[in-house]
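**Student:** Handing you a structure now.
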Amino acid sequence: MAEVVVDKVSRSFGSHKALDEMSIAFPDKGFYGLLGPSGSGKTTLLRMIAGFDFPDAGRIAIGGEGVERVPVEKRRIGMVFQNYALFPNMSVAENVAFGLSVRGETRGAIEVEVKRALDLVQLGHLGERRPHQLSGGQRQRVALARAIVTKPRVLLLDEPLSALDKALRVDMQIELKRIQREIGITTIFVTHDQEEALTMSDRIGILRDGRLVQEGPPEEIYDRPESEFAATFLGDANILRGVATGNGIRLPDGTVVVANQGTKPAVGTSASCAVRPERISIGEADNATLGEENRLKGRVSKRIFGGNSSTYFVEHRGDIIKVHVQNNGGTSLAEGQDVILRWSPESAVLIGM
Amino acid sequence: MMFTTRLLEALGRVWIGLLLSFLYLPICIMALMSFNASPFYQLPFEWTTGWYADLSRNGRLLAATWNSLQIAVFTTAIATVLGTAASIALFRYEFRGKRLLQALLFPPIAIPWLITGTAMLIFFFGVGIGRGLHAILLGHVALALPYVIVVVSARLQTFAPELEEAARSLGASQWQVTTRVTLPWIMPGVIAGGLFAFAVSFDQFVVSYFLSTPGEATLPVEIYAAIRKGFTPEINAVSTIIIGISMGLMLVTARFFKFGGEK
Ligand SMILES: Nc1ncnc2c1ncn2[C@@H]1O[C@H](COP(=O)(O)OP(=O)(O)OP(=O)(O)O)[C@@H](O)[C@H]1O
Ligand SMILES: [Mg+2]
């Protein structure tokens, strides 16, 4: 078990910088979610930490030990691949035993460890099966058991759940988190799925074009995104653009939006304000509850019913503002209706340009 | 509609039947004649195993058969090991000139053996290797290598490189990765490649003819020499035996190819 430190790591493919002076500290025993659009360098970073690829510049340390020159097989890492990568010529038990057997452990010790690992992923009864006789979720569990049975210092997962259907994915998320807590292993988890990143991670890092855009605990990034990119990439956000007034921004129509979150940009510079759709109240009349001092007039241009909630698309001077409303039995608003939107300064985040 | 489909199906069967008889009829007749008493293929058919008895007393043919088998076995072993290693290297590593090297593997399969044989003869003389069984073995290995590499590489195309990465991440050395993960997967291809190598060597006439010395020949060369002196049904007998072996090998190959995609 160990902390992983990536320090100013760069890697180029031809003229393309896949990683550009990337620095991240992955805390010991933590569950770190790496999130970013396609091509942002997530896999490249993970492969560097694993040792499948080497940085052009920069340092990587696992548990305080520099590993830039250590080959994969000596790094003591565990890796779970998107397509499971189970050995087709071996049974489930042999797959899990592989890492112990190449280390020359005794038969008896291997048997005990394999059983323990398979029990941990609740597959103790399937040891004799071949990988192709398993379901996707079971294969993923075998891959996980195989990766952790050697007691690696770090567990690396590259979109391990993306091949599973939604329901199974949620099961596996819970399962993976339970196992990670139980053995207390430093885990780095790459995902495309922001919801997955939010629910599973202790910390999230958002990558873009080979750079770290923002990192921190999920709530912190969600509540206080530092850029429009972070705001819209992690969760849904309305971005209002205007001129900084000190504690808010002035929209082009003169309306002032007050925001208590985020860092204050210099007065007079262009700035934006991010508001989550579920933080906005919508109503026909201006019956403001206390504190909701930001308000905006608009007209409902569309309503999308989504089961437990509805999304209203409200037009305000050419901009569309999204509002999520819980379907709790109240009357719904019709398309074309004039409405007033309200939200508190606590729910608005200032973002400088 | 139904009718035309059936008609086409029937035509197809007839076509395949014709094709197979065209291929196998001469062989069957030869095999039959090796059991016929008349040395001039006269009918009625009179059963005998006399030609096989004669064959067993023909020292030259037997020695040549032994040479052929030895060379084929050694060629198979050497070409399979070298070819498999080369295929894995080509699969695993990126290096300058790799494409060119891969492209250069194909022409030798298409170049007429007559030309390859001449070239080898000249080259072997030039560098002092000369002629003889060792030269034949060397030539056969060179001929067989491209077949092995092509067949094994085709099998490697179905191998997921993540498997090697997974094995390495679990602490396996290169050697352990190769023997415990890669080889088991490509084994059908390796066996098929080995059979190809065996066939290329065992059936080889042209190159062997160029590289053999009068005392030391392979079976096809010896058969050719015997036919020139006068045809005897002993040749039918030895040919029948060889066809039996070759067909057996090819059937095994076909089997491995058929099940090549099996998981
Ligand atoms: N071996 C390589 N050769 C050339 N370019 C590469 C190589 N590996 C990655 N790249 C490039 O580096 C960039 C980052 O790739 P990477 O695979 O790390 O992205 P990613 O964040 O994992 O994306 P995805 O979410 O699609 O998996 C991409 O532009 C990609 O094209
Ligand atoms: Mg990726």
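By convention in this document, the chains of the structure tokens carry letters A, B, ... by their order, each chain's residues are numbered from 1, and ligands are numbered from 1 in the order they are shown.
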Run DSSP on the backbone and give me the residues of segment 37-211 of chain B it puts in alpha helix (DSSP H), as a VMD selection string.

**Tutor:** chain B and resid 50 to 57 59 to 92 98 to 104 107 to 110 113 to 127 133 to 156 161 to 169 174 to 177 183 to 202 206 to 211

**Student:** I need the contact residues of chain B against chain A, so if you could list those with any atom within 7 Å, counting only C-alpha atoms, and return them as number ranges by chain, that would help.

**Tutor:** B: 162-163, 166, 168-173, 181, 184-185, 263

**Student:** Which neighbours of segment 241-246 of chain A fall inside 6 Å, counting only C-alpha atoms, when residues of the same chain fewer than 3 positions from it are skipped, and could you give them as a list in words?

**Tutor:**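 Using only C-alpha atoms, the neighbours found are Ile249, Arg250, Leu251, Val267, Gly268, Thr269, Ser270, Ala271 and Ser272 of chain A.
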
**Student:** With N, CA, C and O atoms retained, export the selected residues as a PDB file, in the first residue's frame.

**Tutor:**
ATOM      1  N   ILE A 249     -21.898  39.024 -11.189  1.00  0.00           N
ATOM      2  CA  ILE A 249     -21.688  39.501 -12.560  1.00  0.00           C
ATOM      3  C   ILE A 249     -22.927  40.263 -13.029  1.00  0.00           C
ATOM      4  O   ILE A 249     -24.035  40.045 -12.538  1.00  0.00           O
ATOM      5  N   ARG A 250     -22.697  41.143 -13.990  1.00  0.00           N
ATOM      6  CA  ARG A 250     -23.818  41.855 -14.605  1.00  0.00           C
ATOM      7  C   ARG A 250     -24.031  41.246 -15.979  1.00  0.00           C
ATOM      8  O   ARG A 250     -23.117  41.191 -16.801  1.00  0.00           O
ATOM      9  N   LEU A 251     -25.260  40.755 -16.186  1.00  0.00           N
ATOM     10  CA  LEU A 251     -25.585  40.150 -17.468  1.00  0.00           C
ATOM     11  C   LEU A 251     -25.760  41.243 -18.512  1.00  0.00           C
ATOM     12  O   LEU A 251     -25.976  42.411 -18.158  1.00  0.00           O
ATOM     13  N   VAL A 267     -12.982  43.427 -10.902  1.00  0.00           N
ATOM     14  CA  VAL A 267     -14.178  44.144 -11.365  1.00  0.00           C
ATOM     15  C   VAL A 267     -13.955  44.650 -12.791  1.00  0.00           C
ATOM     16  O   VAL A 267     -12.885  45.157 -13.122  1.00  0.00           O
ATOM     17  N   GLY A 268     -14.979  44.463 -13.619  1.00  0.00           N
ATOM     18  CA  GLY A 268     -14.898  44.968 -14.982  1.00  0.00           C
ATOM     19  C   GLY A 268     -14.411  43.965 -16.004  1.00  0.00           C
ATOM     20  O   GLY A 268     -14.578  44.174 -17.203  1.00  0.00           O
ATOM     21  N   THR A 269     -13.816  42.883 -15.525  1.00  0.00           N
ATOM     22  CA  THR A 269     -13.371  41.862 -16.489  1.00  0.00           C
ATOM     23  C   THR A 269     -14.556  40.947 -16.817  1.00  0.00           C
ATOM     24  O   THR A 269     -15.523  40.867 -16.067  1.00  0.00           O
ATOM     25  N   SER A 270     -14.444  40.285 -17.967  1.00  0.00           N
ATOM     26  CA  SER A 270     -15.540  39.367 -18.292  1.00  0.00           C
ATOM     27  C   SER A 270     -15.416  38.121 -17.424  1.00  0.00           C
ATOM     28  O   SER A 270     -14.320  37.629 -17.163  1.00  0.00           O
ATOM     29  N   ALA A 271     -16.569  37.661 -16.966  1.00  0.00           N
ATOM     30  CA  ALA A 271     -16.583  36.524 -16.053  1.00  0.00           C
ATOM     31  C   ALA A 271     -17.864  35.745 -16.290  1.00  0.00           C
ATOM     32  O   ALA A 271     -18.756  36.197 -17.001  1.00  0.00           O
ATOM     33  N   SER A 272     -17.916  34.545 -15.702  1.00  0.00           N
ATOM     34  CA  SER A 272     -19.155  33.797 -15.824  1.00  0.00           C
ATOM     35  C   SER A 272     -19.577  33.248 -14.478  1.00  0.00           C
ATOM     36  O   SER A 272     -18.828  33.299 -13.498  1.00  0.00           O
TER      37      SER A 272
END

**Student:** Here is a test: counting only C-alpha atoms, which residue of A:Glu278, A:Glu219, A:Asp209, A:Glu175 is nearest to Asn238 of chain A?

**Tutor:** A:Glu278

**Student:** I'd like the neighbourhood of Lys98 of chain B as a ChimeraX atom specification, where a residue qualifies if any of its atoms comes within 12 Å (using only C-alpha atoms), though same-chain residues fewer than 6 positions away should be ignored.

**Tutor:** /B:86-87,89-92,104-105

**Student:** Could you turn the residues from that selection into a file that holds N, CA and C atoms, as a JSON list (two decimals), in the first residue's frame?

**Tutor:**
[["chain", "number", "residue", "atom", "x", "y", "z"],
["B", 86, "ALA", "N", 10.32, -15.57, -34.51],
["B", 86, "ALA", "CA", 10.29, -14.39, -35.38],
["B", 86, "ALA", "C", 8.88, -13.78, -35.39],
["B", 87, "SER", "N", 7.86, -14.63, -35.44],
["B", 87, "SER", "CA", 6.48, -14.12, -35.46],
["B", 87, "SER", "C", 6.17, -13.34, -34.19],
["B", 89, "ALA", "N", 8.29, -11.90, -32.20],
["B", 89, "ALA", "CA", 9.06, -10.65, -32.20],
["B", 89, "ALA", "C", 8.38, -9.61, -33.09],
["B", 90, "LEU", "N", 7.92, -10.05, -34.26],
["B", 90, "LEU", "CA", 7.25, -9.12, -35.17],
["B", 90, "LEU", "C", 5.95, -8.60, -34.56],
["B", 91, "PHE", "N", 5.30, -9.45, -33.78],
["B", 91, "PHE", "CA", 4.04, -9.07, -33.15],
["B", 91, "PHE", "C", 4.26, -8.09, -32.01],
["B", 92, "ARG", "N", 5.33, -8.33, -31.25],
["B", 92, "ARG", "CA", 5.52, -7.60, -30.00],
["B", 92, "ARG", "C", 6.21, -6.26, -30.18],
["B", 104, "LEU", "N", 8.82, -8.63, -47.24],
["B", 104, "LEU", "CA", 9.81, -9.49, -47.90],
["B", 104, "LEU", "C", 9.60, -10.97, -47.60],
["B", 105, "LEU", "N", 8.75, -11.27, -46.63],
["B", 105, "LEU", "CA", 8.52, -12.67, -46.28],
["B", 105, "LEU", "C", 7.69, -13.40, -47.32]]
